[in-house]
>>> print(open('work-v4.cif').read())   # mmCIF, C-alpha atoms
data_target
#
loop_
_atom_site.group_PDB
_atom_site.id
_atom_site.type_symbol
_atom_site.label_atom_id
_atom_site.label_comp_id
_atom_site.auth_asym_id
_atom_site.auth_seq_id
_atom_site.Cartn_x
_atom_site.Cartn_y
_atom_site.Cartn_z
ATOM 1 C CA MET A 1199 -7.779 14.551 19.848
ATOM 2 C CA PRO A 1200 -9.542 17.068 17.535
ATOM 3 C CA ASP A 1201 -7.403 20.133 16.789
ATOM 4 C CA ASP A 1202 -10.161 22.601 17.692
ATOM 5 C CA LEU A 1203 -10.542 21.476 21.319
ATOM 6 C CA PRO A 1204 -9.212 23.957 23.928
ATOM 7 C CA LEU A 1205 -6.974 21.272 25.452
ATOM 8 C CA SER A 1206 -5.489 20.525 22.027
ATOM 9 C CA ARG A 1207 -4.763 24.193 21.401
ATOM 10 C CA GLU A 1208 -3.244 24.639 24.834
ATOM 11 C CA LEU A 1209 -1.073 21.567 24.364
ATOM 12 C CA GLY A 1210 0.118 22.961 21.038
ATOM 13 C CA SER A 1211 1.046 26.235 22.705
ATOM 14 C CA LEU A 1212 2.977 24.406 25.428
ATOM 15 C CA LEU A 1213 4.941 22.384 22.892
ATOM 16 C CA MET A 1214 5.794 25.497 20.902
ATOM 17 C CA GLU A 1215 7.434 26.938 24.021
ATOM 18 C CA LEU A 1216 9.943 24.078 24.096
ATOM 19 C CA PRO A 1217 13.408 24.582 22.595
ATOM 20 C CA HIS A 1218 13.819 22.796 19.271
ATOM 21 C CA ARG A 1219 15.914 19.924 20.649
ATOM 22 C CA GLN A 1220 13.469 19.228 23.459
ATOM 23 C CA LEU A 1221 10.515 19.372 21.072
ATOM 24 C CA VAL A 1222 12.190 16.839 18.790
ATOM 25 C CA GLU A 1223 12.869 14.590 21.789
ATOM 26 C CA VAL A 1224 9.207 14.758 22.894
ATOM 27 C CA MET A 1225 8.071 13.874 19.372
ATOM 28 C CA ARG A 1226 10.634 11.074 19.115
ATOM 29 C CA ARG A 1227 9.497 9.455 22.358
ATOM 30 C CA SER A 1228 5.845 9.764 21.339
ATOM 31 C CA ALA A 1229 6.501 8.172 17.926
ATOM 32 C CA VAL A 1230 8.536 5.312 19.425
ATOM 33 C CA GLY A 1231 5.826 4.642 22.014
ATOM 34 C CA ALA A 1232 3.134 4.484 19.321
ATOM 35 C CA PHE A 1233 5.328 2.189 17.218
ATOM 36 C CA GLU A 1234 5.960 -0.200 20.121
ATOM 37 C CA ALA A 1235 2.217 -0.382 20.787
ATOM 38 C CA GLU A 1236 1.595 -1.161 17.117
ATOM 39 C CA CYS A 1237 4.224 -3.913 17.233
ATOM 40 C CA ARG A 1238 2.537 -5.535 20.213
ATOM 41 C CA ALA A 1239 -0.855 -5.307 18.501
ATOM 42 C CA HIS A 1240 0.324 -7.062 15.316
ATOM 43 C CA LEU A 1241 3.235 -9.238 16.432
ATOM 44 C CA GLY A 1242 2.397 -10.067 20.061
ATOM 45 C CA ASP A 1243 5.428 -10.942 22.161
ATOM 46 C CA THR A 1244 7.592 -11.849 19.160
ATOM 47 C CA THR A 1245 10.247 -9.267 18.353
ATOM 48 C CA LEU A 1246 10.356 -7.615 14.950
ATOM 49 C CA PRO A 1247 13.779 -9.107 14.049
ATOM 50 C CA GLN A 1248 12.432 -12.584 14.902
ATOM 51 C CA VAL A 1249 9.454 -12.045 12.585
ATOM 52 C CA VAL A 1250 11.709 -10.754 9.814
ATOM 53 C CA GLU A 1251 13.977 -13.792 10.140
ATOM 54 C CA SER A 1252 10.974 -16.139 10.038
ATOM 55 C CA ILE A 1253 9.425 -14.596 6.917
ATOM 56 C CA PHE A 1254 12.700 -13.898 5.090
ATOM 57 C CA PRO A 1255 14.871 -16.875 6.132
ATOM 58 C CA ARG A 1256 17.345 -16.285 3.295
ATOM 59 C CA LEU A 1257 18.323 -12.854 4.573
ATOM 60 C CA PRO A 1258 21.920 -12.755 5.823
ATOM 61 C CA LYS A 1259 22.107 -12.483 9.603
ATOM 62 C CA ASP A 1260 23.742 -9.059 9.406
ATOM 63 C CA ARG A 1261 20.820 -7.770 7.286
ATOM 64 C CA ILE A 1262 18.011 -8.776 9.632
ATOM 65 C CA GLU A 1263 18.524 -5.938 12.109
ATOM 66 C CA ALA A 1264 18.898 -3.392 9.301
ATOM 67 C CA VAL A 1265 15.660 -4.555 7.654
ATOM 68 C CA ALA A 1266 13.871 -4.430 11.024
ATOM 69 C CA ARG A 1267 15.051 -0.836 11.513
ATOM 70 C CA GLU A 1268 13.830 0.134 8.037
ATOM 71 C CA ILE A 1269 10.435 -1.456 8.728
ATOM 72 C CA SER A 1270 10.282 0.481 12.004
ATOM 73 C CA LEU A 1271 11.012 3.814 10.312
ATOM 74 C CA CYS A 1272 8.439 3.104 7.591
ATOM 75 C CA ALA A 1273 5.811 2.283 10.225
ATOM 76 C CA ILE A 1274 6.519 5.493 12.132
ATOM 77 C CA ARG A 1275 6.432 7.562 8.944
ATOM 78 C CA ASN A 1276 3.146 5.975 7.866
ATOM 79 C CA LYS A 1277 1.589 6.812 11.210
ATOM 80 C CA SER A 1278 2.986 10.355 11.369
ATOM 81 C CA TRP A 1279 2.485 11.250 7.708
ATOM 82 C CA GLY A 1280 -1.290 10.934 7.803
ATOM 83 C CA ARG A 1281 -1.446 13.172 10.856
ATOM 84 C CA LEU A 1282 0.757 15.791 9.215
ATOM 85 C CA LEU A 1283 -1.316 15.828 6.040
ATOM 86 C CA SER A 1284 -4.547 15.994 8.022
ATOM 87 C CA ARG A 1285 -3.595 19.475 9.134
ATOM 88 C CA PRO A 1286 -5.278 22.204 7.046
ATOM 89 C CA SER A 1287 -2.003 23.929 6.110
ATOM 90 C CA ARG A 1288 -0.577 23.091 2.669
ATOM 91 C CA ARG A 1289 2.347 20.686 2.469
ATOM 92 C CA GLU A 1290 4.529 19.825 -0.476
ATOM 93 C CA ILE A 1291 4.879 16.135 -1.338
ATOM 94 C CA GLU A 1292 8.002 14.861 -3.044
ATOM 95 C CA MET A 1293 7.282 11.834 -5.215
ATOM 96 C CA ARG A 1294 9.607 10.175 -7.702
ATOM 97 C CA CYS A 1295 8.107 7.962 -10.413
ATOM 98 C CA PHE A 1296 9.816 4.874 -11.841
ATOM 99 C CA GLY A 1297 9.005 2.450 -14.642
ATOM 100 C CA ASP A 1298 9.167 4.672 -17.713
ATOM 101 C CA ALA A 1299 8.305 1.922 -20.211
ATOM 102 C CA ALA A 1300 5.287 0.728 -18.221
ATOM 103 C CA ILE A 1301 4.135 4.311 -17.613
ATOM 104 C CA ARG A 1302 4.353 5.081 -21.317
ATOM 105 C CA GLN A 1303 2.470 1.883 -22.157
ATOM 106 C CA LEU A 1304 -0.291 2.700 -19.664
ATOM 107 C CA ARG A 1305 -0.651 6.273 -20.926
ATOM 108 C CA GLU A 1306 -0.665 5.316 -24.599
ATOM 109 C CA ARG A 1307 -2.962 2.305 -24.312
ATOM 110 C CA LYS A 1308 -5.912 2.031 -26.692
ATOM 111 C CA GLY A 1309 -8.210 0.238 -24.271
ATOM 112 C CA PRO A 1310 -8.887 -0.473 -20.584
ATOM 113 C CA ALA A 1311 -6.255 -1.236 -17.971
ATOM 114 C CA ILE A 1312 -6.150 -2.415 -14.360
ATOM 115 C CA VAL A 1313 -3.545 -1.279 -11.825
ATOM 116 C CA ALA A 1314 -2.995 -3.867 -9.098
ATOM 117 C CA LEU A 1315 -1.844 -2.446 -5.747
ATOM 118 C CA TRP A 1316 -0.265 -4.079 -2.692
ATOM 119 C CA HIS A 1317 -0.167 -2.942 0.944
ATOM 120 C CA HIS A 1318 3.574 -2.392 1.061
ATOM 121 C CA GLY A 1319 5.586 0.737 1.808
ATOM 122 C CA ALA A 1320 3.227 3.727 1.720
ATOM 123 C CA PRO A 1321 0.099 2.302 0.043
ATOM 124 C CA GLY A 1322 -2.004 5.357 0.850
ATOM 125 C CA MET A 1323 0.135 7.358 -1.575
ATOM 126 C CA ALA A 1324 -0.506 5.091 -4.592
ATOM 127 C CA PRO A 1325 -3.468 7.167 -5.866
ATOM 128 C CA LEU A 1326 -1.217 10.228 -5.871
ATOM 129 C CA GLY A 1327 1.360 8.217 -7.804
ATOM 130 C CA LEU A 1328 -1.193 7.524 -10.531
ATOM 131 C CA GLN A 1329 -2.106 11.186 -10.532
ATOM 132 C CA CYS A 1330 1.573 12.115 -10.726
ATOM 133 C CA ILE A 1331 2.108 10.031 -13.902
ATOM 134 C CA GLY A 1332 -1.001 11.529 -15.491
ATOM 135 C CA VAL A 1333 -3.328 8.507 -15.474
ATOM 136 C CA PRO A 1334 -6.929 9.358 -14.458
ATOM 137 C CA SER A 1335 -8.214 6.395 -12.484
ATOM 138 C CA LEU A 1336 -11.131 4.904 -10.606
ATOM 139 C CA ILE A 1337 -9.624 3.732 -7.302
ATOM 140 C CA VAL A 1338 -11.405 0.982 -5.371
ATOM 141 C CA SER A 1339 -10.711 1.311 -1.641
ATOM 142 C CA ARG A 1340 -11.955 -0.761 1.287
ATOM 143 C CA ALA A 1341 -11.966 2.111 3.767
ATOM 144 C CA GLY A 1342 -12.451 5.162 1.581
ATOM 145 C CA PRO A 1343 -10.112 8.126 1.154
ATOM 146 C CA SER A 1344 -8.871 10.132 4.131
ATOM 147 C CA ASP A 1345 -9.580 13.857 4.272
ATOM 148 C CA TRP A 1346 -6.053 14.765 3.207
ATOM 149 C CA LEU A 1347 -6.177 12.437 0.196
ATOM 150 C CA GLU A 1348 -9.477 13.915 -0.959
ATOM 151 C CA ARG A 1349 -7.903 17.375 -0.775
ATOM 152 C CA LEU A 1350 -4.866 16.331 -2.814
ATOM 153 C CA LEU A 1351 -6.572 14.282 -5.537
ATOM 154 C CA SER A 1352 -7.655 16.044 -8.716
ATOM 155 C CA LYS A 1353 -11.199 15.802 -10.081
ATOM 156 C CA ASP A 1354 -10.285 13.117 -12.624
ATOM 157 C CA MET A 1355 -9.259 10.732 -9.805
ATOM 158 C CA LYS A 1356 -12.300 9.070 -8.230
ATOM 159 C CA VAL A 1357 -12.340 6.825 -5.149
ATOM 160 C CA ILE A 1358 -15.158 4.362 -4.470
ATOM 161 C CA VAL A 1359 -15.531 2.289 -1.296
ATOM 162 C CA SER A 1360 -15.853 -1.493 -1.380
ATOM 163 C CA GLY A 1361 -15.667 -2.193 2.369
ATOM 164 C CA ASP A 1362 -19.397 -2.739 2.806
ATOM 165 C CA SER A 1363 -20.390 -6.178 1.506
ATOM 166 C CA GLY A 1364 -23.628 -4.680 0.221
ATOM 167 C CA GLN A 1365 -21.643 -2.404 -2.099
ATOM 168 C CA GLY A 1366 -20.048 -5.247 -4.040
ATOM 169 C CA ALA A 1367 -22.465 -5.208 -6.974
ATOM 170 C CA LEU A 1368 -22.307 -1.422 -7.306
ATOM 171 C CA VAL A 1369 -18.502 -1.417 -7.167
ATOM 172 C CA LEU A 1370 -18.332 -4.153 -9.801
ATOM 173 C CA LYS A 1371 -20.719 -2.277 -12.094
ATOM 174 C CA GLU A 1372 -18.896 1.031 -11.771
ATOM 175 C CA SER A 1373 -15.533 -0.660 -12.322
ATOM 176 C CA LEU A 1374 -16.817 -2.497 -15.400
ATOM 177 C CA ASP A 1375 -18.341 0.699 -16.784
ATOM 178 C CA ARG A 1376 -15.001 2.498 -16.388
ATOM 179 C CA LEU A 1377 -13.057 -0.304 -18.050
ATOM 180 C CA LYS A 1378 -15.522 -0.776 -20.919
ATOM 181 C CA ALA A 1379 -15.161 2.953 -21.619
ATOM 182 C CA GLY A 1380 -11.401 2.442 -21.956
ATOM 183 C CA GLY A 1381 -10.502 3.778 -18.512
ATOM 184 C CA VAL A 1382 -8.232 2.645 -15.689
ATOM 185 C CA VAL A 1383 -9.301 0.937 -12.454
ATOM 186 C CA ALA A 1384 -6.875 0.558 -9.531
ATOM 187 C CA MET A 1385 -7.415 -1.787 -6.581
ATOM 188 C CA ALA A 1386 -5.445 -3.801 -4.051
ATOM 189 C CA ILE A 1387 -5.120 -7.525 -4.649
ATOM 190 C CA ASP A 1388 -3.898 -8.541 -1.175
ATOM 191 C CA GLY A 1389 -7.331 -8.836 0.406
ATOM 192 C CA GLY A 1390 -8.844 -12.213 1.189
ATOM 193 C CA ASP A 1391 -12.501 -11.717 2.060
ATOM 194 C CA GLY A 1392 -15.414 -13.456 0.440
ATOM 195 C CA LYS A 1393 -16.329 -16.962 -0.645
ATOM 196 C CA LEU A 1394 -14.514 -16.594 -3.970
ATOM 197 C CA ALA A 1395 -11.107 -15.769 -2.430
ATOM 198 C CA ILE A 1396 -8.259 -17.980 -3.615
ATOM 199 C CA PRO A 1397 -5.693 -19.707 -1.327
ATOM 200 C CA LEU A 1398 -2.192 -18.987 -2.637
ATOM 201 C CA PRO A 1399 1.406 -19.278 -1.404
ATOM 202 C CA PHE A 1400 3.204 -16.061 -0.507
ATOM 203 C CA LEU A 1401 6.613 -15.879 1.183
ATOM 204 C CA GLY A 1402 6.292 -19.446 2.386
ATOM 205 C CA ARG A 1403 2.821 -18.941 3.855
ATOM 206 C CA ARG A 1404 -0.629 -19.752 2.557
ATOM 207 C CA LEU A 1405 -2.968 -16.781 2.376
ATOM 208 C CA MET A 1406 -6.362 -16.034 0.863
ATOM 209 C CA ARG A 1407 -6.327 -13.552 -2.024
ATOM 210 C CA ALA A 1408 -9.249 -11.750 -3.628
ATOM 211 C CA ARG A 1409 -10.042 -12.466 -7.262
ATOM 212 C CA GLY A 1410 -11.835 -9.193 -8.106
ATOM 213 C CA ILE A 1411 -9.002 -7.973 -10.336
ATOM 214 C CA ALA A 1412 -9.036 -11.237 -12.301
ATOM 215 C CA VAL A 1413 -12.805 -11.061 -12.804
ATOM 216 C CA LEU A 1414 -12.532 -7.534 -14.196
ATOM 217 C CA SER A 1415 -9.626 -8.500 -16.426
ATOM 218 C CA ARG A 1416 -11.442 -11.568 -17.803
ATOM 219 C CA LEU A 1417 -14.632 -9.643 -18.562
ATOM 220 C CA THR A 1418 -12.923 -6.702 -20.264
ATOM 221 C CA GLY A 1419 -9.592 -8.005 -21.560
ATOM 222 C CA ALA A 1420 -7.750 -5.354 -19.522
ATOM 223 C CA PRO A 1421 -4.051 -5.970 -18.802
ATOM 224 C CA ILE A 1422 -2.917 -5.911 -15.157
ATOM 225 C CA PHE A 1423 -0.117 -3.487 -14.216
ATOM 226 C CA PRO A 1424 1.380 -4.027 -10.715
ATOM 227 C CA ALA A 1425 2.202 -0.798 -8.859
ATOM 228 C CA LEU A 1426 3.594 0.279 -5.476
ATOM 229 C CA ALA A 1427 4.133 3.446 -3.494
ATOM 230 C CA THR A 1428 7.089 3.176 -1.121
ATOM 231 C CA TRP A 1429 9.127 5.419 1.147
ATOM 232 C CA GLY A 1430 12.345 7.086 0.051
ATOM 233 C CA LYS A 1431 15.604 6.562 1.892
ATOM 234 C CA ALA A 1432 15.840 8.258 5.310
ATOM 235 C CA ASN A 1433 13.506 11.151 4.428
ATOM 236 C CA TRP A 1434 9.823 11.935 3.830
ATOM 237 C CA SER A 1435 9.842 11.481 0.052
ATOM 238 C CA HIS A 1436 7.917 8.776 -1.801
ATOM 239 C CA ASP A 1437 8.631 6.534 -4.771
ATOM 240 C CA PHE A 1438 5.874 5.348 -7.095
ATOM 241 C CA ARG A 1439 6.724 2.346 -9.257
ATOM 242 C CA LEU A 1440 4.678 0.972 -12.116
ATOM 243 C CA PHE A 1441 5.716 -2.421 -13.436
ATOM 244 C CA ASP A 1442 5.215 -4.141 -16.789
ATOM 245 C CA PRO A 1443 1.877 -5.951 -17.207
ATOM 246 C CA VAL A 1444 1.499 -9.421 -15.733
ATOM 247 C CA ALA A 1445 1.796 -12.286 -18.232
ATOM 248 C CA ILE A 1446 -1.606 -13.980 -18.198
ATOM 249 C CA PRO A 1447 -2.992 -16.729 -20.473
ATOM 250 C CA PRO A 1448 -5.467 -16.043 -23.315
ATOM 251 C CA GLY A 1449 -8.994 -15.651 -22.036
ATOM 252 C CA ASP A 1450 -10.349 -18.630 -23.980
ATOM 253 C CA SER A 1451 -7.572 -21.031 -22.974
ATOM 254 C CA MET A 1452 -9.320 -22.405 -19.862
ATOM 255 C CA THR A 1453 -12.518 -22.220 -17.837
ATOM 256 C CA PRO A 1454 -13.387 -18.838 -16.255
ATOM 257 C CA ASP A 1455 -12.641 -20.136 -12.749
ATOM 258 C CA ALA A 1456 -9.283 -21.611 -13.758
ATOM 259 C CA TRP A 1457 -8.357 -18.482 -15.697
ATOM 260 C CA GLU A 1458 -9.135 -16.203 -12.757
ATOM 261 C CA ARG A 1459 -7.094 -18.401 -10.420
ATOM 262 C CA GLU A 1460 -4.105 -18.294 -12.758
ATOM 263 C CA ALA A 1461 -4.399 -14.520 -13.265
ATOM 264 C CA VAL A 1462 -4.453 -13.910 -9.503
ATOM 265 C CA ALA A 1463 -1.595 -16.376 -8.931
ATOM 266 C CA ALA A 1464 0.547 -14.724 -11.629
ATOM 267 C CA THR A 1465 -0.059 -11.269 -10.145
ATOM 268 C CA VAL A 1466 0.706 -12.465 -6.617
ATOM 269 C CA ARG A 1467 3.962 -14.056 -7.837
ATOM 270 C CA ARG A 1468 5.018 -10.703 -9.286
ATOM 271 C CA PHE A 1469 4.343 -8.966 -5.981
ATOM 272 C CA GLU A 1470 6.102 -11.713 -4.053
ATOM 273 C CA ALA A 1471 9.283 -11.047 -6.037
ATOM 274 C CA ILE A 1472 8.911 -7.295 -5.462
ATOM 275 C CA VAL A 1473 8.385 -7.701 -1.708
ATOM 276 C CA ARG A 1474 11.376 -10.055 -1.444
ATOM 277 C CA SER A 1475 13.546 -7.362 -3.033
ATOM 278 C CA THR A 1476 12.267 -4.620 -0.665
ATOM 279 C CA PRO A 1477 11.695 -6.328 2.721
ATOM 280 C CA GLY A 1478 12.317 -3.116 4.645
ATOM 281 C CA GLN A 1479 9.108 -1.626 3.216
ATOM 282 C CA CYS A 1480 6.878 -4.314 4.793
ATOM 283 C CA ARG A 1481 4.005 -3.086 6.914
ATOM 284 C CA LEU A 1482 3.558 -4.347 10.470
ATOM 285 C CA ASP A 1483 -0.034 -5.464 9.913
ATOM 286 C CA ILE A 1484 0.951 -7.497 6.849
ATOM 287 C CA LEU A 1485 3.930 -8.990 8.690
ATOM 288 C CA GLY A 1486 1.575 -10.004 11.488
ATOM 289 C CA GLN A 1487 -0.779 -11.715 9.019
ATOM 290 C CA LEU A 1488 2.126 -13.554 7.385
ATOM 291 C CA PHE A 1489 3.655 -14.622 10.685
ATOM 292 C CA LYS A 1490 0.352 -16.106 11.879
ATOM 293 C CA ALA A 1491 -0.556 -17.741 8.540
ATOM 294 C CA PRO A 1492 0.002 -21.489 7.921
ATOM 295 C CA VAL A 1493 3.532 -22.281 6.802
ATOM 296 C CA ILE A 1494 3.775 -24.206 3.544
#
>>> encode(input="work-v4.cif", output="structure tokens")
Amino acid sequence: MPDDLPLSRELGSLLMELPHRQLVEVMRRSAVGAFEAECRAHLGDTTLPQVVESIFPRLPKDRIEAVAREISLCAIRNKSWGRLLSRPSRREIEMRCFGDAAIRQLRERKGPAIVALWHHGAPGMAPLGLQCIGVPSLIVSRAGPSDWLERLLSKDMKVIVSGDSGQGALVLKESLDRLKAGGVVAMAIDGGDGKLAIPLPFLGRRLMRARGIAVLSRLTGAPIFPALATWGKANWSHDFRLFDPVAIPPGDSMTPDAWEREAVAATVRRFEAIVRSTPGQCRLDILGQLFKAPVI
């Protein structure tokens, strides 16, 4: 509901009349209801603990419920956070940055670099993480930036949209231009659209993964740095982590197609290890994709 509608304003006034405890209870029930609807949309009739146990079978039994609760809180925060930031009033964002050696290497590089992202934790905050560590970047996004992200990003952070299939050539050209000028391009690797997508194992499932990052890396020689934005513990803070570059073979060691497949596979293996170590940051939509994907 748009904030400027009379009904929206009147509802806001009504809520403000509630005592603090009652207001919190109303918000809690609303958030839980939205979360339960999201669970049904992505997981169907299967419960979240059942999905967690299926995807992470090595988790101890006493950890499954705890991981499911953490996933639930992350999902609710992701849904609520965007709404809070969409309000015109200014809000402070607490973000901690980790990976000092990788951050220093990315800042001090003498040539191009690619930052590979994954939809895990709070992926919408990854561009702000790059801004926080002082790395101007061209960010390739399927859906485009939200209003609040556009307000928070500085002028040296640019977002381009790749969601329209007709934009592919333009996105590739702009990304190549940025890299050939020695810049940084950031994009998610966990998409699977297009004829050139690569089938790869991930958490015991077989999924299709895009090869765009590998194409850019092969054509420019840019190293691939994995990165994630995740939620802090039991609060509204965020953690941005940059990891050491992926070990990929020399560009002339195999055919272009084989090289791109190996580069994507190596990057996906790095993210698989990261996701295994932070299962509570999994997103419901990604869990739903994994649960429905063919088991290896």
>>> closest_residue(input="work-v4.cif", among="A:Ser1335, A:Ala1367, A:Gly1478, A:Ile1411", to="Leu1246 in chain A", atoms="only C-alpha atoms")
A:Gly1478
>>> residues_around(input="work-v4.cif", residues="Ala1229 in chain A", least_positions_apart="4", cutoff="7 Å", atoms="all atoms listed in the file", output="MDAnalysis selection string")
chainID A and resid 1225 1233 1274
>>> resolve_selection(input="work-v4.cif", expression="the PyMOL selection byres ((chain A and resi 1381) around 12)", output="NGL selection string")
:A and (1304-1313 or 1333-1337 or 1354-1356 or 1372-1380 or 1382-1384 or 1418 or 1420-1421)
>>> residues_around(input="work-v4.cif", residues="range 1393-1408 of chain A", least_positions_apart="6", cutoff="12 Å", atoms="all atoms listed in the file", output="ChimeraX atom specification")
/A:1250-1256,1314,1316,1363,1385-1387,1414,1455-1456,1458-1475,1477,1484-1494
>>> atom_distance(input="work-v4.cif", atom1="CA of Leu1440 in chain A", atom2="CA of Gln1479 in chain A")
16.2 Å
>>> atom_distance(input="work-v4.cif", atom1="CA of Gly1319 in chain A", atom2="CA of Arg1416 in chain A")
28.7 Å
>>> closest_residue(input="work-v4.cif", among="A:Leu1351, A:Leu1257, A:Val1230, A:Leu1315", to="Asp1388 in chain A", atoms="only C-alpha atoms")
A:Leu1315
>>> closest_residue(input="work-v4.cif", among="A:Trp1279, A:Trp1429, A:Trp1434, A:Phe1296", to="Trp1346 in chain A", atoms="all atoms listed in the file")
A:Trp1279
>>> atom_distance(input="work-v4.cif", atom1="CA of His1318 in chain A", atom2="CA of Thr1476 in chain A")
9.1 Å
>>> residues_around(input="work-v4.cif", residues="range 1261-1268 of chain A", least_positions_apart="2", cutoff="6 Å", atoms="only C-alpha atoms", output="ChimeraX atom specification")
/A:1247,1258-1259,1270-1271,1478
>>> closest_residue(input="work-v4.cif", among="A:Asp1450, A:Glu1292, A:Asp1483, A:Asp1243", to="Asn1433 in chain A", atoms="all atoms listed in the file")
A:Glu1292
